[in-house]
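Text of coords-v9.txt (compact mmCIF, C-alpha atoms and all ligand atoms) as supplied:
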# COMPACT_ATOMS: atom_id res chain seq x y z
CA MET A 165 31.52 -48.86 -24.27
CA SER A 166 33.72 -49.09 -21.21
CA GLU A 167 32.51 -47.31 -18.12
CA ILE A 168 34.54 -44.89 -16.01
CA LEU A 169 33.34 -45.31 -12.43
CA GLY A 170 35.24 -42.50 -10.78
CA GLY A 171 38.62 -41.55 -9.47
CA ILE A 172 40.72 -42.10 -6.39
CA SER A 173 43.63 -39.74 -5.81
CA THR A 174 46.22 -40.27 -3.11
CA SER A 175 49.68 -39.23 -1.96
CA HIS A 176 52.42 -41.82 -2.57
CA VAL A 177 55.10 -41.21 0.10
CA PRO A 178 57.64 -44.12 0.10
CA ALA A 179 57.65 -44.36 3.93
CA ILE A 180 54.09 -45.72 3.64
CA GLY A 181 55.64 -48.86 2.11
CA GLY A 182 57.84 -49.26 5.17
CA ALA A 183 54.85 -48.80 7.48
CA ILE A 184 52.90 -51.47 5.57
CA ALA A 185 55.85 -53.89 5.74
CA LYS A 186 56.16 -53.32 9.50
CA ARG A 187 52.36 -53.46 10.02
CA LEU A 188 52.25 -50.03 11.63
CA GLN A 189 48.73 -49.18 10.41
CA GLN A 190 47.42 -48.85 13.98
CA ASP A 191 50.46 -46.95 15.22
CA LEU A 192 49.60 -43.47 16.55
CA TYR A 193 51.57 -41.74 13.79
CA TRP A 194 50.05 -43.76 10.95
CA LYS A 195 46.48 -44.51 12.04
CA PRO A 196 44.86 -41.23 10.89
CA PHE A 197 46.41 -41.78 7.47
CA PHE A 198 45.58 -45.48 7.00
CA ASP A 199 42.07 -45.17 8.45
CA GLY A 200 41.25 -42.78 5.62
CA PHE A 201 41.44 -45.68 3.16
CA ASP A 202 38.59 -47.75 4.65
CA ARG A 203 36.02 -45.73 2.74
CA ALA A 204 37.98 -45.87 -0.54
CA ARG A 205 38.28 -49.66 -0.24
CA ALA A 206 34.57 -50.01 0.52
CA TRP A 207 33.81 -47.98 -2.61
CA LEU A 208 36.08 -50.25 -4.68
CA ALA A 209 34.49 -53.37 -3.19
CA GLU A 210 31.07 -52.00 -4.12
CA HIS A 211 32.00 -51.06 -7.71
CA GLN A 212 34.53 -53.78 -8.61
CA PRO A 213 36.55 -52.08 -11.35
CA ASP A 214 38.34 -54.32 -13.88
CA ILE A 215 41.05 -51.84 -14.85
CA ALA A 216 42.88 -49.01 -13.08
CA VAL A 217 44.22 -46.20 -15.25
CA LEU A 218 46.99 -44.97 -13.00
CA VAL A 219 48.37 -41.45 -13.41
CA TYR A 220 51.64 -40.86 -11.60
CA ASN A 221 55.14 -39.48 -11.97
CA ASP A 222 58.22 -41.63 -12.26
CA HIS A 223 60.94 -40.58 -9.78
CA GLY A 224 64.04 -41.71 -11.68
CA LEU A 225 63.49 -45.47 -11.71
CA ASN A 226 62.17 -45.88 -15.25
CA PHE A 227 63.07 -42.45 -16.70
CA PHE A 228 66.02 -40.40 -15.56
CA LEU A 229 67.04 -36.80 -16.16
CA ASP A 230 68.82 -37.76 -19.39
CA LYS A 231 65.58 -38.91 -21.03
CA MET A 232 62.35 -37.50 -19.67
CA PRO A 233 59.12 -37.80 -21.64
CA THR A 234 56.47 -35.22 -20.78
CA PHE A 235 53.74 -37.85 -21.01
CA ALA A 236 54.41 -41.61 -21.28
CA ILE A 237 51.89 -44.45 -21.46
CA GLY A 238 52.63 -48.04 -20.50
CA ALA A 239 51.61 -50.75 -22.97
CA ALA A 240 53.10 -53.80 -21.27
CA ALA A 241 51.52 -57.10 -20.29
CA THR A 242 53.11 -56.88 -16.82
CA TYR A 243 54.87 -54.19 -14.83
CA THR A 244 57.71 -54.96 -12.45
CA SER A 245 58.65 -52.85 -9.42
CA SER A 246 62.29 -52.54 -8.57
CA ASP A 247 64.63 -51.22 -5.89
CA GLU A 248 64.72 -47.44 -6.18
CA GLY A 249 66.81 -46.72 -3.12
CA TRP A 250 64.11 -46.01 -0.52
CA GLY A 251 64.57 -49.38 1.17
CA ILE A 252 60.92 -50.32 0.73
CA PRO A 253 59.83 -53.81 -0.37
CA THR A 254 59.03 -54.36 -4.02
CA ILE A 255 55.68 -55.96 -4.94
CA ALA A 256 54.83 -58.85 -7.25
CA PRO A 257 54.56 -57.94 -10.94
CA VAL A 258 51.28 -56.22 -11.75
CA ARG A 259 49.16 -57.21 -14.75
CA GLY A 260 48.71 -54.63 -17.50
CA ASP A 261 45.82 -54.18 -19.91
CA GLN A 262 47.52 -53.84 -23.28
CA GLU A 263 44.29 -53.46 -25.23
CA LEU A 264 43.18 -50.43 -23.26
CA SER A 265 46.75 -49.06 -23.29
CA TRP A 266 46.79 -49.05 -27.09
CA ALA A 267 43.25 -47.68 -27.31
CA ILE A 268 44.32 -44.76 -25.11
CA ILE A 269 47.57 -44.26 -27.06
CA GLU A 270 45.72 -44.29 -30.40
CA GLY A 271 43.10 -41.90 -29.03
CA VAL A 272 45.42 -39.32 -27.53
CA VAL A 273 47.81 -39.32 -30.51
CA ALA A 274 44.82 -38.75 -32.81
CA ASP A 275 43.97 -35.91 -30.40
CA GLU A 276 47.45 -34.37 -30.98
CA PHE A 277 49.17 -35.55 -27.78
CA ASP A 278 52.45 -37.09 -28.98
CA VAL A 279 53.15 -39.46 -26.11
CA THR A 280 56.00 -41.87 -25.46
CA THR A 281 54.81 -45.48 -25.64
CA CYS A 282 56.42 -47.95 -23.23
CA GLN A 283 56.16 -51.67 -23.94
CA GLU A 284 58.45 -52.18 -20.97
CA MET A 285 58.08 -50.02 -17.90
CA LEU A 286 59.39 -50.33 -14.35
CA ILE A 287 56.98 -49.02 -11.72
CA ASP A 288 58.15 -47.11 -8.65
CA HIS A 289 56.57 -46.19 -5.30
CA ALA A 290 54.17 -43.79 -7.01
CA VAL A 291 52.42 -46.88 -8.44
CA THR A 292 53.12 -49.60 -5.89
CA ILE A 293 52.15 -47.67 -2.73
CA PRO A 294 48.68 -46.63 -3.98
CA LEU A 295 48.04 -50.21 -5.22
CA GLN A 296 48.96 -51.57 -1.77
CA LEU A 297 46.79 -48.98 -0.02
CA LEU A 298 43.74 -49.64 -2.18
CA TRP A 299 44.05 -53.44 -2.42
CA PRO A 300 46.04 -54.43 0.69
CA ASP A 301 45.13 -58.09 1.07
CA ARG A 302 46.15 -59.60 -2.25
CA PRO A 303 47.63 -58.76 -5.61
CA PRO A 304 45.44 -56.04 -7.11
CA PRO A 305 42.33 -57.56 -8.76
CA VAL A 306 42.66 -54.95 -11.53
CA ARG A 307 44.85 -54.73 -14.60
CA ILE A 308 46.62 -51.40 -14.87
CA VAL A 309 47.43 -48.80 -17.52
CA PRO A 310 50.21 -46.63 -16.04
CA ILE A 311 50.48 -43.09 -17.37
CA SER A 312 53.54 -41.10 -16.35
CA VAL A 313 53.58 -37.31 -16.22
CA ASN A 314 56.83 -35.37 -15.96
CA THR A 315 56.71 -33.50 -12.64
CA VAL A 316 60.47 -33.83 -12.14
CA GLN A 317 62.55 -32.21 -14.89
CA HIS A 318 61.58 -28.68 -15.93
CA PRO A 319 59.93 -27.56 -18.13
CA LEU A 320 56.85 -29.40 -16.82
CA PRO A 321 53.57 -29.59 -18.71
CA SER A 322 51.25 -26.79 -17.58
CA ALA A 323 48.20 -27.47 -15.43
CA ALA A 324 46.04 -26.46 -18.39
CA ARG A 325 47.82 -28.93 -20.66
CA CYS A 326 47.44 -31.66 -18.03
CA LEU A 327 43.69 -31.12 -17.79
CA LYS A 328 43.39 -31.30 -21.59
CA PHE A 329 45.56 -34.45 -21.68
CA GLY A 330 43.25 -36.05 -19.13
CA GLN A 331 40.20 -35.08 -21.17
CA ALA A 332 41.76 -36.69 -24.25
CA ILE A 333 42.40 -39.90 -22.27
CA GLY A 334 38.78 -39.77 -21.08
CA ARG A 335 37.54 -39.55 -24.67
CA ALA A 336 39.75 -42.48 -25.66
CA ILE A 337 38.38 -44.61 -22.83
CA ALA A 338 34.80 -43.63 -23.66
CA GLY A 339 35.38 -44.72 -27.26
CA TYR A 340 36.89 -48.06 -26.27
CA SER A 341 34.39 -50.82 -26.95
CA SER A 342 34.36 -53.17 -24.00
CA ASP A 343 32.02 -53.68 -21.09
CA GLU A 344 34.80 -53.29 -18.55
CA LYS A 345 34.76 -50.87 -15.64
CA VAL A 346 37.60 -48.42 -15.17
CA VAL A 347 38.77 -46.57 -12.06
CA VAL A 348 41.19 -43.67 -12.40
CA VAL A 349 43.91 -43.66 -9.73
CA SER A 350 46.04 -40.51 -9.53
CA THR A 351 48.99 -40.28 -7.20
CA GLY A 352 51.34 -37.72 -5.67
CA GLY A 353 51.12 -34.46 -3.73
CA LEU A 354 49.77 -32.65 -2.03
CA SER A 355 52.09 -29.87 -0.87
CA HIS A 356 55.63 -30.97 -0.12
CA GLN A 357 59.21 -29.97 -0.71
CA LEU A 358 61.98 -32.47 -0.04
CA ASP A 359 65.04 -30.28 -0.52
CA GLY A 360 66.43 -26.76 -0.46
CA GLU A 361 65.76 -23.91 1.94
CA ARG A 362 62.06 -24.60 2.11
CA ALA A 363 62.43 -28.36 2.76
CA GLY A 364 59.48 -29.52 4.84
CA MET A 365 57.16 -26.71 3.73
CA ILE A 366 53.49 -27.54 3.39
CA ASN A 367 50.53 -25.31 2.54
CA PRO A 368 47.22 -26.63 3.92
CA GLU A 369 45.29 -23.63 2.62
CA PHE A 370 46.37 -24.23 -0.98
CA ASP A 371 45.84 -27.99 -0.58
CA GLN A 372 42.23 -27.40 0.49
CA LEU A 373 41.73 -25.08 -2.47
CA CYS A 374 43.02 -27.84 -4.75
CA LEU A 375 40.78 -30.51 -3.19
CA ASN A 376 37.73 -28.24 -3.42
CA SER A 377 38.46 -27.21 -7.01
CA LEU A 378 39.05 -30.76 -8.17
CA VAL A 379 35.47 -31.79 -7.40
CA ASN A 380 33.78 -29.62 -10.02
CA GLU A 381 35.96 -26.63 -10.83
CA PRO A 382 39.27 -28.06 -12.05
CA THR A 383 39.71 -25.10 -14.41
CA LYS A 384 40.37 -22.99 -11.30
CA LEU A 385 43.70 -24.81 -11.10
CA THR A 386 44.64 -24.29 -14.73
CA GLY A 387 45.24 -20.60 -14.04
CA TYR A 388 48.34 -21.47 -11.99
CA SER A 389 51.67 -21.50 -13.80
CA THR A 390 54.32 -24.10 -12.95
CA ARG A 391 56.17 -21.38 -11.03
CA ASP A 392 53.00 -20.59 -9.05
CA LEU A 393 52.54 -24.27 -8.23
CA VAL A 394 56.14 -24.65 -7.04
CA GLU A 395 55.80 -21.54 -4.91
CA LEU A 396 52.43 -22.51 -3.42
CA SER A 397 52.86 -26.25 -3.00
CA GLY A 398 56.61 -26.94 -3.09
CA THR A 399 59.04 -28.42 -5.61
CA GLN A 400 57.41 -31.85 -5.26
CA GLY A 401 53.93 -30.46 -4.61
CA VAL A 402 53.76 -30.03 -8.39
CA GLU A 403 52.71 -33.69 -8.37
CA ILE A 404 49.21 -32.17 -8.18
CA LEU A 405 49.58 -32.21 -12.00
CA ASN A 406 48.93 -35.97 -11.86
CA TRP A 407 45.66 -35.32 -10.02
CA ILE A 408 44.69 -32.73 -12.64
CA VAL A 409 45.27 -35.26 -15.46
CA GLY A 410 43.18 -37.78 -13.51
CA ARG A 411 40.41 -35.24 -13.00
CA GLY A 412 40.41 -34.48 -16.73
CA ILE A 413 39.80 -38.17 -17.45
CA LEU A 414 36.65 -38.11 -15.31
CA GLY A 415 34.98 -35.42 -17.44
CA SER A 416 32.52 -32.76 -16.40
CA ARG A 417 30.60 -33.47 -13.18
CA THR A 418 31.66 -35.48 -10.14
CA ARG A 419 30.43 -36.04 -6.61
CA GLU A 420 32.93 -36.24 -3.76
CA ILE A 421 32.43 -39.52 -1.90
CA HIS A 422 35.31 -39.19 0.52
CA ARG A 423 38.24 -37.00 1.50
CA ASN A 424 41.01 -37.46 4.05
CA TYR A 425 43.74 -34.90 4.71
CA HIS A 426 46.48 -35.55 7.22
CA VAL A 427 49.62 -33.52 7.89
CA PRO A 428 52.33 -34.64 7.71
CA ILE A 429 53.28 -38.09 6.52
CA SER A 430 57.04 -37.89 6.22
CA ASN A 431 57.49 -34.46 4.55
CA THR A 432 54.17 -34.49 2.77
CA ALA A 433 50.66 -33.16 3.32
CA SER A 434 48.93 -36.45 2.61
CA ALA A 435 45.54 -36.46 0.97
CA LEU A 436 43.01 -38.92 -0.34
CA GLN A 437 39.99 -38.03 -2.43
CA VAL A 438 37.33 -40.29 -3.94
CA LEU A 439 35.24 -38.80 -6.74
CA GLU A 440 32.34 -40.59 -8.38
CA LEU A 441 30.87 -39.57 -11.72
CA ALA A 442 27.75 -37.50 -11.04
C1 LIG B 501 58.19 -38.12 -0.07
C2 LIG B 501 57.09 -37.73 -0.85
C3 LIG B 501 57.04 -38.08 -2.20
O1 LIG B 501 56.02 -37.72 -3.03
C4 LIG B 501 58.07 -38.82 -2.77
O2 LIG B 501 57.95 -39.18 -4.07
C5 LIG B 501 59.16 -39.19 -2.01
C6 LIG B 501 59.23 -38.85 -0.65
C7 LIG B 501 58.25 -37.79 1.40
O3 LIG B 501 57.46 -36.99 1.92
O4 LIG B 501 59.10 -38.38 2.09
FE FE B 502 56.55 -38.19 -5.18
Show me the file's structure as structure tokens.
Ligand code: DHB
Ligand code: FE
Amino acid sequence: MSEILGGISTSHVPAIGGAIAKRLQQDLYWKPFFDGFDRARAWLAEHQPDIAVLVYNDHGLNFFLDKMPTFAIGAAATYTSSDEGWGIPTIAPVRGDQELSWAIIEGVVADEFDVTTCQEMLIDHAVTIPLQLLWPDRPPPVRIVPISVNTVQHPLPSAARCLKFGQAIGRAIAGYSSDEKVVVVSTGGLSHQLDGERAGMINPEFDQLCLNSLVNEPTKLTGYSTRDLVELSGTQGVEILNWIVGRGILGSRTREIHRNYHVPISNTASALQVLELA
């Protein structure tokens, strides 16, 4: 049986890619953000996962508004990043784990989640930035299973549905016979709005409520409708749905190993949370 070690959730602002390329980690603006990752990297070095199940939202690179799956699971041998218009460097192709991809797909479909399966999938900043933050010195030593959640084109899946989807993925991983170790990486959020009258809005109070609830009371978040989430955390703050899927994968009890919250990075309330299975 494969082992889920825990989860790391982080924001995925594209400007982070520019800061990495320009080596601005010690710059006054960036330092409080980058320093937060030391503890996450130490945890990864200690636990040495083989595979990262990566829950994110595609921003128009792989799926566009004309075709938008609610939930899509990558099943490719490698994943290529590509220019998506932010002017950030692409990264070398990332290795996939096709066996685990198909085990998850089989498991969640049997569990009545009718996902889109992607044997080719381009990965955007929501995948590449977290990989660079968590494994900065080399290509990631993990194979990935990317899972895309629609947080872009309404109607979005509800928070309750996202938690259940995560739980189904968790069951599929638990039933996968292998001795490999899995880390769940969820990306996006927290509060931010990139456009419209409320552009630049952030909501630290709601962000803290989310971070606190995610440790052991994720069902507190499933009471919020999509409209509530947009209102409380912004049109792009709904990326918290990715974190809720990731938390569902972890199962019942977790222990918070580390949290960093820094406002703002670009337009976003940036957050990092490391949860270990209790
Ligand atoms: C920003 C945040 C995001 O989550 C994103 O996908 C793009 C941009 C930002 O704050 O600039
Ligand atoms: Fe985003």
If we count all atoms listed in the file, what is near Thr383 of chain A at a cut-off of 12 Å, once residues fewer than 3 positions away on the same chain are taken out, given as a count of residues only? 21
Enumerate as a list in words the residues within 6 Å of ligand LIG 501 (chain B), counting only C-alpha atoms and all ligand atoms.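 After applying the 6 Å limit, what remains is His176, Val177, Pro178, Gly352, Gly353, Ser430, Asn431 and Thr432 of chain A.
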Please, which residues have at least one atom within 10 Å of an atom of ligand FE 502 (chain B), using all atoms listed in the file, listed as a PyMOL selection string? chain A and resi 175-178+220-223+288-290+315-316+351-354+356-358+400-404+432
Å distance separating atom CA of Ala336 of chain A from atom CA of Ile268 of chain A, one decimal place: 5.1 Å
Closest of A:Glu369, A:Asp214, A:Glu248, A:Asp199 to Arg307 of chain A - atom-to-atom distances counting all atoms listed in the file: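 Of A:Glu369, A:Asp214, A:Glu248, A:Asp199, the one nearest Arg307 of chain A is A:Asp214, counting all atoms listed in the file.
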From the list A:Gln372, A:Ser265, A:Ser350, A:Ser246, which residue is nearest Ile287 of chain A when using only C-alpha atoms?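 Counting only C-alpha atoms, the residue closest to Ile287 of chain A is A:Ser246.
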Counting all atoms listed in the file, what is within 6 Å of Gly260 of chain A, bar same-chain residues fewer than 4 positions away, as a list in words? Ala240, Ala241, Thr242, Arg307, Ile308 and Val309 of chain A
Can you list, as a list of chain:residue names, every protein, DNA or RNA residue that comes within 9 Å of Ile337 of chain A when you count only C-alpha atoms, leaving out same-chain residues fewer than 3 positions away? A:Met165, A:Ser166, A:Glu167, A:Ile168, A:Leu264, A:Ala267, A:Ile268, A:Gly271, A:Ala332, A:Ile333, A:Gly334, A:Tyr340, A:Ser341, A:Val346, A:Ile413
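Checking A:Tyr193, A:Gly182, A:Trp407, A:Arg417 one by one against Gln437 of chain A, counting only C-alpha atoms, you find the shortest gap at A:Trp407.
Across the model, the gap from atom CA of Asn314 of chain A to atom CA of Leu229 of chain A is 10.3 Å.
Using all atoms listed in the file, the smallest distance between any of A:Ala442, A:Val273, A:Ile237, A:Ile172 and Phe201 of chain A comes from A:Ile172.
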Neighbouring residues of Leu208 of chain A were defined as those with any atom within 10 Å, considering all atoms listed in the file; residues of the same chain fewer than 6 positions away were excluded. Please report them as a ChimeraX atom specification. /A:169-170,172,202,298-299,347
Restricting the output to C-alpha atoms, write the selected residues as a PDB file, in the coordinates of the input.
ATOM      1  CA  LEU A 169      33.340 -45.310 -12.430  1.00  0.00           C
ATOM      2  CA  GLY A 170      35.240 -42.500 -10.780  1.00  0.00           C
ATOM      3  CA  ILE A 172      40.720 -42.100  -6.390  1.00  0.00           C
ATOM      4  CA  ASP A 202      38.590 -47.750   4.650  1.00  0.00           C
ATOM      5  CA  LEU A 298      43.740 -49.640  -2.180  1.00  0.00           C
ATOM      6  CA  TRP A 299      44.050 -53.440  -2.420  1.00  0.00           C
ATOM      7  CA  VAL A 347      38.770 -46.570 -12.060  1.00  0.00           C
TER       8      VAL A 347
END
Nearest residue to Lys231 of chain A out of A:Thr280, A:Arg362, A:Ile180, A:Ile293, using all atoms listed in the file?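 When distances to Lys231 of chain A are compared using all atoms listed in the file, the smallest one comes from A:Thr280.
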So how many Å separate atom CA of Leu414 of chain A and atom CA of Arg259 of chain A, to one decimal?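 Going from atom CA of Leu414 of chain A over to atom CA of Arg259 of chain A covers 22.8 Å.
Each of A:Pro305, A:Ala363, A:Thr234, A:Ser173 was checked against Asp278 of chain A using only C-alpha atoms; the smallest atom-to-atom distance is that of A:Thr234.
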Report as JSON the centre and the edge lengths, in Å to one decimal, of the axis-aligned box holding every listed atom of segment 229-236 of chain A, padded by 3 Å on each side.
{"center_x": 61.3, "center_y": -38.4, "center_z": -18.9, "size_x": 21.1, "size_y": 12.4, "size_z": 11.5}
Is there a way to get, as a CSV table (one decimal) with C-alpha atoms, keeping the file's coordinate frame, all residues within 6 Å of the point (34.0, -35.5, -3.4) in file coordinates, counting only C-alpha atoms?
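Saved to point.csv:
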chain,number,residue,atom,x,y,z
A,379,VAL,CA,35.5,-31.8,-7.4
A,419,ARG,CA,30.4,-36.0,-6.6
A,420,GLU,CA,32.9,-36.2,-3.8
A,421,ILE,CA,32.4,-39.5,-1.9
A,422,HIS,CA,35.3,-39.2,0.5
A,438,VAL,CA,37.3,-40.3,-3.9
A,439,LEU,CA,35.2,-38.8,-6.7
With a distance cut-off of 10 Å and only C-alpha atoms, select the neighbouring residues of Ile184 of chain A, excluding the residue or stretch itself and same-chain residues fewer than 4 positions from it, and output the selection as number ranges by chain. A: 179-180, 188-189, 194, 198, 252-253, 293, 296-297, 300
